[in-house]
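> Have a peek at upload_37.cif (mmCIF, C-alpha atoms; chains and numbers go by the auth columns).
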```cif
data_input
#
loop_
_atom_site.group_PDB
_atom_site.id
_atom_site.type_symbol
_atom_site.label_atom_id
_atom_site.label_comp_id
_atom_site.label_asym_id
_atom_site.label_seq_id
_atom_site.Cartn_x
_atom_site.Cartn_y
_atom_site.Cartn_z
_atom_site.B_iso_or_equiv
_atom_site.auth_seq_id
_atom_site.auth_asym_id
ATOM 1 C CA MET A 1 19.165 -15.797 79.780 0.00 1 A
ATOM 2 C CA PRO A 2 18.916 -13.215 82.565 0.00 2 A
ATOM 3 C CA GLU A 3 19.721 -14.000 86.158 0.00 3 A
ATOM 4 C CA LEU A 4 19.424 -12.277 89.529 0.00 4 A
ATOM 5 C CA ILE A 5 22.735 -11.942 91.307 0.00 5 A
ATOM 6 C CA ALA A 6 23.941 -10.317 94.497 0.00 6 A
ATOM 7 C CA PRO A 7 25.694 -6.995 93.851 0.00 7 A
ATOM 8 C CA THR A 8 29.357 -7.477 93.032 0.00 8 A
ATOM 9 C CA ALA A 9 32.307 -5.122 92.613 0.00 9 A
ATOM 10 C CA ARG A 10 33.339 -7.236 89.595 0.00 10 A
ATOM 11 C CA LEU A 11 30.617 -5.522 87.527 0.00 11 A
ATOM 12 C CA HIS A 12 31.666 -1.941 88.348 0.00 12 A
ATOM 13 C CA ALA A 13 32.077 -0.879 84.698 0.00 13 A
ATOM 14 C CA ALA A 14 28.835 -2.563 83.601 0.00 14 A
ATOM 15 C CA TRP A 15 26.933 -1.056 86.524 0.00 15 A
ATOM 16 C CA ARG A 16 28.340 2.420 85.707 0.00 16 A
ATOM 17 C CA GLU A 17 27.172 2.009 82.114 0.00 17 A
ATOM 18 C CA ALA A 18 23.633 1.228 83.297 0.00 18 A
ATOM 19 C CA HIS A 19 23.730 4.078 85.815 0.00 19 A
ATOM 20 C CA ASP A 20 24.973 6.544 83.183 0.00 20 A
ATOM 21 C CA GLU A 21 22.168 5.504 80.810 0.00 21 A
ATOM 22 C CA TRP A 22 19.575 6.666 83.345 0.00 22 A
ATOM 23 C CA GLY A 23 21.216 10.071 83.510 0.00 23 A
ATOM 24 C CA PRO A 24 21.300 12.348 86.553 0.00 24 A
ATOM 25 C CA GLY A 25 18.756 12.100 89.329 0.00 25 A
ATOM 26 C CA PHE A 26 17.478 9.677 91.920 0.00 26 A
ATOM 27 C CA HIS A 27 15.348 7.232 89.942 0.00 27 A
ATOM 28 C CA GLU A 28 17.038 3.851 89.945 0.00 28 A
ATOM 29 C CA ASP A 29 14.911 2.035 92.480 0.00 29 A
ATOM 30 C CA GLY A 30 16.209 -1.428 93.202 0.00 30 A
ATOM 31 C CA PHE A 31 19.901 -0.539 93.394 0.00 31 A
ATOM 32 C CA GLY A 32 19.848 0.858 96.942 0.00 32 A
ATOM 33 C CA LEU A 33 21.848 3.865 95.796 0.00 33 A
ATOM 34 C CA GLY A 34 21.693 6.847 98.117 0.00 34 A
ATOM 35 C CA PRO A 35 22.626 10.450 97.332 0.00 35 A
ATOM 36 C CA ALA A 36 25.780 10.255 99.473 0.00 36 A
ATOM 37 C CA ASP A 37 27.055 6.963 97.998 0.00 37 A
ATOM 38 C CA GLU A 38 30.303 7.342 96.054 0.00 38 A
ATOM 39 C CA VAL A 39 30.292 4.825 93.226 0.00 39 A
ATOM 40 C CA ASP A 40 32.648 6.338 90.655 0.00 40 A
ATOM 41 C CA SER A 41 35.957 5.064 92.045 0.00 41 A
ATOM 42 C CA PRO A 42 36.660 1.332 92.380 0.00 42 A
ATOM 43 C CA ASP A 43 37.195 1.759 96.148 0.00 43 A
ATOM 44 C CA GLY A 44 33.975 3.729 96.617 0.00 44 A
ATOM 45 C CA PHE A 45 32.036 1.224 94.542 0.00 45 A
ATOM 46 C CA SER A 46 33.458 -1.713 96.509 0.00 46 A
ATOM 47 C CA ALA A 47 32.537 -0.006 99.786 0.00 47 A
ATOM 48 C CA TRP A 48 28.986 0.588 98.545 0.00 48 A
ATOM 49 C CA VAL A 49 28.632 -3.052 97.427 0.00 49 A
ATOM 50 C CA ALA A 50 29.853 -4.132 100.884 0.00 50 A
ATOM 51 C CA LEU A 51 27.147 -1.985 102.527 0.00 51 A
ATOM 52 C CA LEU A 52 24.495 -3.637 100.364 0.00 52 A
ATOM 53 C CA ALA A 53 25.823 -7.055 101.385 0.00 53 A
ATOM 54 C CA ASP A 54 25.601 -6.076 105.068 0.00 54 A
ATOM 55 C CA GLU A 55 21.942 -5.100 104.618 0.00 55 A
ATOM 56 C CA SER A 56 21.301 -8.533 103.101 0.00 56 A
ATOM 57 C CA GLY A 57 23.311 -10.401 105.743 0.00 57 A
ATOM 58 C CA PRO A 58 22.003 -12.855 108.348 0.00 58 A
ATOM 59 C CA LYS A 59 21.807 -10.289 111.166 0.00 59 A
ATOM 60 C CA ALA A 60 19.759 -7.905 109.025 0.00 60 A
ATOM 61 C CA VAL A 61 17.481 -10.735 107.897 0.00 61 A
ATOM 62 C CA GLU A 62 16.922 -11.883 111.492 0.00 62 A
ATOM 63 C CA SER A 63 16.050 -8.347 112.593 0.00 63 A
ATOM 64 C CA GLY A 64 13.360 -8.057 109.908 0.00 64 A
ATOM 65 C CA ARG A 65 14.867 -4.727 108.843 0.00 65 A
ATOM 66 C CA GLY A 66 17.220 -5.953 106.163 0.00 66 A
ATOM 67 C CA CYS A 67 16.978 -5.632 102.420 0.00 67 A
ATOM 68 C CA THR A 68 17.929 -8.167 99.783 0.00 68 A
ATOM 69 C CA TYR A 69 19.460 -6.506 96.724 0.00 69 A
ATOM 70 C CA ARG A 70 19.728 -8.269 93.391 0.00 70 A
ATOM 71 C CA TRP A 71 20.993 -7.083 90.042 0.00 71 A
ATOM 72 C CA ILE A 72 19.340 -8.191 86.836 0.00 72 A
ATOM 73 C CA VAL A 73 22.186 -9.280 84.569 0.00 73 A
ATOM 74 C CA GLU A 74 22.812 -11.138 81.360 0.00 74 A
ATOM 75 C CA GLY A 75 26.442 -12.068 80.946 0.00 75 A
ATOM 76 C CA ASP A 76 28.286 -8.931 81.987 0.00 76 A
ATOM 77 C CA ARG A 77 25.443 -6.525 81.132 0.00 77 A
ATOM 78 C CA VAL A 78 23.544 -4.996 84.046 0.00 78 A
ATOM 79 C CA HIS A 79 19.918 -4.455 83.031 0.00 79 A
ATOM 80 C CA GLY A 80 18.658 -3.153 86.363 0.00 80 A
ATOM 81 C CA GLY A 81 18.139 -3.889 90.008 0.00 81 A
ATOM 82 C CA ILE A 82 15.474 -5.122 92.376 0.00 82 A
ATOM 83 C CA ALA A 83 15.282 -4.810 96.154 0.00 83 A
ATOM 84 C CA LEU A 84 13.232 -6.804 98.649 0.00 84 A
ATOM 85 C CA ARG A 85 12.796 -4.966 101.935 0.00 85 A
ATOM 86 C CA HIS A 86 12.188 -7.296 104.874 0.00 86 A
ATOM 87 C CA GLY A 87 9.568 -6.854 107.560 0.00 87 A
ATOM 88 C CA LEU A 88 6.823 -4.282 107.760 0.00 88 A
ATOM 89 C CA ASN A 89 7.963 -0.945 109.126 0.00 89 A
ATOM 90 C CA ASP A 90 7.224 2.717 108.370 0.00 90 A
ATOM 91 C CA TYR A 91 9.699 2.782 105.468 0.00 91 A
ATOM 92 C CA VAL A 92 8.113 -0.285 103.852 0.00 92 A
ATOM 93 C CA LEU A 93 4.633 1.163 104.349 0.00 93 A
ATOM 94 C CA GLN A 94 5.758 4.317 102.537 0.00 94 A
ATOM 95 C CA PHE A 95 7.862 2.789 99.735 0.00 95 A
ATOM 96 C CA GLY A 96 6.822 -0.870 99.580 0.00 96 A
ATOM 97 C CA HIS A 97 8.567 -4.181 100.140 0.00 97 A
ATOM 98 C CA ILE A 98 9.855 -4.302 96.576 0.00 98 A
ATOM 99 C CA GLY A 99 11.392 -1.665 94.362 0.00 99 A
ATOM 100 C CA TYR A 100 12.896 -2.224 90.947 0.00 100 A
ATOM 101 C CA GLY A 101 14.264 -0.384 87.955 0.00 101 A
ATOM 102 C CA ILE A 102 15.244 -1.402 84.429 0.00 102 A
ATOM 103 C CA ARG A 103 17.670 0.699 82.383 0.00 103 A
ATOM 104 C CA PRO A 104 15.960 2.418 79.434 0.00 104 A
ATOM 105 C CA SER A 105 17.597 0.327 76.671 0.00 105 A
ATOM 106 C CA SER A 106 16.537 -2.931 78.368 0.00 106 A
ATOM 107 C CA ARG A 107 12.850 -2.094 78.820 0.00 107 A
ATOM 108 C CA ARG A 108 9.930 -3.757 77.028 0.00 108 A
ATOM 109 C CA ARG A 109 11.585 -7.187 77.187 0.00 109 A
ATOM 110 C CA GLY A 110 9.704 -8.554 80.214 0.00 110 A
ATOM 111 C CA LEU A 111 12.739 -8.276 82.511 0.00 111 A
ATOM 112 C CA ALA A 112 10.855 -6.483 85.292 0.00 112 A
ATOM 113 C CA THR A 113 8.059 -9.066 85.276 0.00 113 A
ATOM 114 C CA TRP A 114 10.609 -11.881 85.304 0.00 114 A
ATOM 115 C CA ALA A 115 12.669 -10.301 88.112 0.00 115 A
ATOM 116 C CA LEU A 116 9.574 -9.568 90.199 0.00 116 A
ATOM 117 C CA GLY A 117 8.562 -13.230 89.938 0.00 117 A
ATOM 118 C CA ARG A 118 12.005 -14.356 91.105 0.00 118 A
ATOM 119 C CA ILE A 119 12.130 -11.906 94.028 0.00 119 A
ATOM 120 C CA LEU A 120 8.663 -13.058 95.120 0.00 120 A
ATOM 121 C CA ASP A 121 10.218 -16.528 95.479 0.00 121 A
ATOM 122 C CA GLU A 122 12.825 -14.984 97.805 0.00 122 A
ATOM 123 C CA ALA A 123 10.048 -13.238 99.769 0.00 123 A
ATOM 124 C CA ARG A 124 8.370 -16.622 100.227 0.00 124 A
ATOM 125 C CA THR A 125 11.653 -18.053 101.528 0.00 125 A
ATOM 126 C CA LEU A 126 11.819 -15.226 104.088 0.00 126 A
ATOM 127 C CA GLY A 127 8.334 -16.180 105.296 0.00 127 A
ATOM 128 C CA LEU A 128 6.481 -13.131 103.997 0.00 128 A
ATOM 129 C CA ASP A 129 2.778 -13.817 103.381 0.00 129 A
ATOM 130 C CA GLN A 130 2.205 -10.735 101.272 0.00 130 A
ATOM 131 C CA VAL A 131 4.204 -7.831 99.912 0.00 131 A
ATOM 132 C CA LEU A 132 3.386 -4.217 99.228 0.00 132 A
ATOM 133 C CA ILE A 133 4.525 -2.681 95.946 0.00 133 A
ATOM 134 C CA ILE A 134 4.152 0.987 95.138 0.00 134 A
ATOM 135 C CA CYS A 135 4.481 2.725 91.779 0.00 135 A
ATOM 136 C CA GLU A 136 3.771 6.143 90.351 0.00 136 A
ATOM 137 C CA VAL A 137 0.193 6.494 89.127 0.00 137 A
ATOM 138 C CA ASP A 138 1.223 7.087 85.514 0.00 138 A
ATOM 139 C CA ASN A 139 3.858 4.317 85.332 0.00 139 A
ATOM 140 C CA LEU A 140 1.736 1.963 83.241 0.00 140 A
ATOM 141 C CA ALA A 141 4.629 -0.427 82.585 0.00 141 A
ATOM 142 C CA SER A 142 4.968 -1.031 86.342 0.00 142 A
ATOM 143 C CA VAL A 143 1.207 -1.327 86.697 0.00 143 A
ATOM 144 C CA ARG A 144 1.221 -4.130 84.088 0.00 144 A
ATOM 145 C CA THR A 145 4.244 -5.791 85.717 0.00 145 A
ATOM 146 C CA ILE A 146 2.713 -5.764 89.197 0.00 146 A
ATOM 147 C CA GLU A 147 -0.730 -6.886 88.031 0.00 147 A
ATOM 148 C CA HIS A 148 0.838 -9.686 85.949 0.00 148 A
ATOM 149 C CA GLN A 149 2.362 -11.050 89.172 0.00 149 A
ATOM 150 C CA GLY A 150 -0.977 -10.949 91.002 0.00 150 A
ATOM 151 C CA GLY A 151 -0.908 -7.442 92.446 0.00 151 A
ATOM 152 C CA VAL A 152 -4.258 -6.212 93.773 0.00 152 A
ATOM 153 C CA LEU A 153 -4.731 -2.462 93.916 0.00 153 A
ATOM 154 C CA GLU A 154 -5.327 -1.221 97.455 0.00 154 A
ATOM 155 C CA GLY A 155 -5.800 2.325 96.233 0.00 155 A
ATOM 156 C CA ILE A 156 -4.102 5.548 95.256 0.00 156 A
ATOM 157 C CA ARG A 157 -2.447 7.761 97.842 0.00 157 A
ATOM 158 C CA HIS A 158 -0.980 11.204 97.597 0.00 158 A
ATOM 159 C CA THR A 159 2.586 11.423 98.884 0.00 159 A
ATOM 160 C CA GLU A 160 5.264 14.092 99.019 0.00 160 A
ATOM 161 C CA HIS A 161 6.506 12.634 95.701 0.00 161 A
ATOM 162 C CA GLY A 162 3.081 12.741 94.049 0.00 162 A
ATOM 163 C CA PRO A 163 0.240 10.231 93.731 0.00 163 A
ATOM 164 C CA VAL A 164 1.151 6.533 93.901 0.00 164 A
ATOM 165 C CA ARG A 165 -0.662 3.256 93.381 0.00 165 A
ATOM 166 C CA ARG A 166 -0.418 0.751 96.237 0.00 166 A
ATOM 167 C CA TYR A 167 -0.604 -2.947 95.403 0.00 167 A
ATOM 168 C CA TRP A 168 -0.526 -6.063 97.572 0.00 168 A
ATOM 169 C CA ILE A 169 0.595 -9.441 96.303 0.00 169 A
ATOM 170 C CA ASN A 170 -0.290 -12.527 98.333 0.00 170 A
ATOM 171 C CA ILE A 171 2.515 -15.067 98.313 0.00 171 A
#
```
With the file now loaded, output its structure as structure tokens.

Amino acid sequence: MPELIAPTARLHAAWREAHDEWGPGFHEDGFGLGPADEVDSPDGFSAWVALLADESGPKAVESGRGCTYRWIVEGDRVHGGIALRHGLNDYVLQFGHIGYGIRPSSRRRGLATWALGRILDEARTLGLDQVLIICEVDNLASVRTIEHQGGVLEGIRHTEHGPVRRYWINI
């Protein structure tokens, strides 16, 4: 049975395996991984996990600018990640409240739909009334996932990364 857990340095090897499966590039939404983050060494990975914890901490939550990161795991296997961005600021309006990614070998099992449902529960706990979720126009798996959880299409916008669908989910 899958579960959502806070990022942990204990799963460094399992996380690296998931990361390596994606291959090079910046496409693992939900992990909070930035281009400058060093995650290969145990020390670098631990430092990165600590940064994610700080963004999810009480001060970040109170400011409305935090982000709750969760990993989708089963046992010691990392299937993907999901992030819930707090508040409504320019970044959220551009990229959405929620971003997620499932490693290629774990797709088509309903994990994204399941994880999105669980993170919506966390959004409710934070007091959010609705959340914005954005996906690439041709990402039909994400379209199905978002619509399954009640997403209503606001429209399609052209961004510097190409056209995206914008969905709102009332909580």
> So that I can check the surroundings of Ile156 in chain A, please list as a list in words every protein, DNA and RNA residue that reaches within 7 Å of it, counting only C-alpha atoms and ignoring chain neighbours fewer than 4 positions away.
Pro163, Val164, Arg165 and Arg166 of chain A
> If the PyMOL selection byres ((chain A and resi 153) around 7) were run on this exact file, what residues would it hold? Put them as a PyMOL selection string.
chain A and resi 151-152+154-155+166-168
> Please expand the PyMOL selection byres ((chain A and resi 8) around 10) into the concrete residues it hits in this file, giving the result as a ChimeraX atom specification.
/A:5-7,9-12,15,45-46,48-50,52-53,70-71
> Can I get the selected residues back with C-alpha atoms, as a short mmCIF file (atom, residue, chain, number, x, y, z; two decimals), in the frame of the given file?

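Resulting contents of out29.cif:
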```
data_model
loop_
_atom_site.label_atom_id
_atom_site.label_comp_id
_atom_site.auth_asym_id
_atom_site.auth_seq_id
_atom_site.Cartn_x
_atom_site.Cartn_y
_atom_site.Cartn_z
CA ILE A 5 22.74 -11.94 91.31
CA ALA A 6 23.94 -10.32 94.50
CA PRO A 7 25.69 -7.00 93.85
CA ALA A 9 32.31 -5.12 92.61
CA ARG A 10 33.34 -7.24 89.60
CA LEU A 11 30.62 -5.52 87.53
CA HIS A 12 31.67 -1.94 88.35
CA TRP A 15 26.93 -1.06 86.52
CA PHE A 45 32.04 1.22 94.54
CA SER A 46 33.46 -1.71 96.51
CA TRP A 48 28.99 0.59 98.54
CA VAL A 49 28.63 -3.05 97.43
CA ALA A 50 29.85 -4.13 100.88
CA LEU A 52 24.50 -3.64 100.36
CA ALA A 53 25.82 -7.06 101.38
CA ARG A 70 19.73 -8.27 93.39
CA TRP A 71 20.99 -7.08 90.04
#
```
> Find the residues near Leu88 in chain A: any atom within 10 Å, counting only C-alpha atoms, skip ones fewer than 2 places away on the same chain, and give them as a list in words.
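Counting only C-alpha atoms, the residues come to Gly64, Arg65, Arg85, His86, Asp90, Tyr91, Val92, Leu93, Gly96, His97, Leu128, Val131 and Leu132 of chain A.
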> What would the file look like if the residues just selected were written as a short mmCIF file (atom, residue, chain, number, x, y, z; two decimals), in the coordinates of the input with C-alpha atoms?

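Saved result, part15.cif, follows:
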```cif
data_model
loop_
_atom_site.label_atom_id
_atom_site.label_comp_id
_atom_site.auth_asym_id
_atom_site.auth_seq_id
_atom_site.Cartn_x
_atom_site.Cartn_y
_atom_site.Cartn_z
CA GLY A 64 13.36 -8.06 109.91
CA ARG A 65 14.87 -4.73 108.84
CA ARG A 85 12.80 -4.97 101.94
CA HIS A 86 12.19 -7.30 104.87
CA ASP A 90 7.22 2.72 108.37
CA TYR A 91 9.70 2.78 105.47
CA VAL A 92 8.11 -0.28 103.85
CA LEU A 93 4.63 1.16 104.35
CA GLY A 96 6.82 -0.87 99.58
CA HIS A 97 8.57 -4.18 100.14
CA LEU A 128 6.48 -13.13 104.00
CA VAL A 131 4.20 -7.83 99.91
CA LEU A 132 3.39 -4.22 99.23
#
```
> Can you list, as an MDAnalysis selection string, the residues that the PyMOL selection byres ((chain A and resi 81) around 6) selects here?
chainID A and resid 30:31 70:72 80 82 100:101
> Of the candidates A:Glu3, A:Asp76, A:Asp54, A:Asp43, which shows the shortest atom-to-atom distance to Ala18 in chain A, using only C-alpha atoms?
A:Asp76
> Leaving out range 144-147 of chain A and any residue of its chain fewer than 2 positions from it, which residues lie within 10 Å of it when counting only C-alpha atoms, given as a list in words?
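Within the cut-off, the hits are Gly110, Leu111, Ala112, Thr113, Trp114, Ala115, Leu116, Gly117, Ile133, Ile134, Cys135, Asn139, Leu140, Ala141, Ser142, Gln149, Gly150, Gly151, Val152, Leu153, Tyr167, Trp168 and Ile169 of chain A.
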> Suppose we keep C-alpha atoms; can you now write the selection as an mmCIF file, in the frame of the given file?

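result.cif, freshly written:
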```
data_model
loop_
_atom_site.group_PDB
_atom_site.id
_atom_site.type_symbol
_atom_site.label_atom_id
_atom_site.label_comp_id
_atom_site.auth_asym_id
_atom_site.auth_seq_id
_atom_site.Cartn_x
_atom_site.Cartn_y
_atom_site.Cartn_z
ATOM 1 C CA GLY A 110 9.704 -8.554 80.214
ATOM 2 C CA LEU A 111 12.739 -8.276 82.511
ATOM 3 C CA ALA A 112 10.855 -6.483 85.292
ATOM 4 C CA THR A 113 8.059 -9.066 85.276
ATOM 5 C CA TRP A 114 10.609 -11.881 85.304
ATOM 6 C CA ALA A 115 12.669 -10.301 88.112
ATOM 7 C CA LEU A 116 9.574 -9.568 90.199
ATOM 8 C CA GLY A 117 8.562 -13.230 89.938
ATOM 9 C CA ILE A 133 4.525 -2.681 95.946
ATOM 10 C CA ILE A 134 4.152 0.987 95.138
ATOM 11 C CA CYS A 135 4.481 2.725 91.779
ATOM 12 C CA ASN A 139 3.858 4.317 85.332
ATOM 13 C CA LEU A 140 1.736 1.963 83.241
ATOM 14 C CA ALA A 141 4.629 -0.427 82.585
ATOM 15 C CA SER A 142 4.968 -1.031 86.342
ATOM 16 C CA GLN A 149 2.362 -11.050 89.172
ATOM 17 C CA GLY A 150 -0.977 -10.949 91.002
ATOM 18 C CA GLY A 151 -0.908 -7.442 92.446
ATOM 19 C CA VAL A 152 -4.258 -6.212 93.773
ATOM 20 C CA LEU A 153 -4.731 -2.462 93.916
ATOM 21 C CA TYR A 167 -0.604 -2.947 95.403
ATOM 22 C CA TRP A 168 -0.526 -6.063 97.572
ATOM 23 C CA ILE A 169 0.595 -9.441 96.303
#
```
> For the atom pair CA of Asp121 in chain A and CA of Met1 in chain A, what is the interatomic distance in Å to one decimal place?
18.1 Å
> Name the closest residue to Thr159 in chain A among the candidates A:Gln130, A:Gln94, A:Asp37, A:Arg109; distances are taken between atoms, counting only C-alpha atoms.
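Looking only at the distances to Thr159 in chain A, the closest residue turns out to be A:Gln94.
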> What is the distance between CA of Gly99 in chain A and CA of Ala83 in chain A, in Å to one decimal?
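Separation between CA of Gly99 in chain A and CA of Ala83 in chain A: 5.3 Å.
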> Between CA of Glu74 in chain A and CA of Pro2 in chain A, what is the distance, to one decimal in Å?
4.6 Å
> Taking into account only C-alpha atoms, which residue in the set A:His161, A:Arg107, A:Arg77, A:Arg118 is nearest to Val137 in chain A?
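Distance minimum relative to Val137 in chain A lands on A:His161.
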> For Glu21 in chain A, which residue among A:Cys67, A:Ile102, A:Ala123, A:Val73 is the nearest when counting all atoms listed in the file?
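Nearest to Glu21 in chain A: A:Ile102.
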> Pick the closest to Ser106 in chain A from A:Leu84, A:Glu38, A:His158, A:Val78: which is it, counting only C-alpha atoms?
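Of the candidates, the smallest distance to Ser106 in chain A is held by A:Val78.
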> Find the residue from A:Tyr69, A:Ile171, A:Ala13, A:Glu122 that sits nearest to Leu33 in chain A; use all atoms listed in the file when measuring.
A:Tyr69
> If I wrap all listed atoms of range 10-26 of chain A in a box with edges along x, y and z and add 4 Å on each side, what are its centre and edge lengths in Å to one decimal, as AutoDock Vina command-line options?

```
--center_x 25.4 --center_y 2.6 --center_z 86.4 --size_x 23.9 --size_y 27.6 --size_z 19.1
```
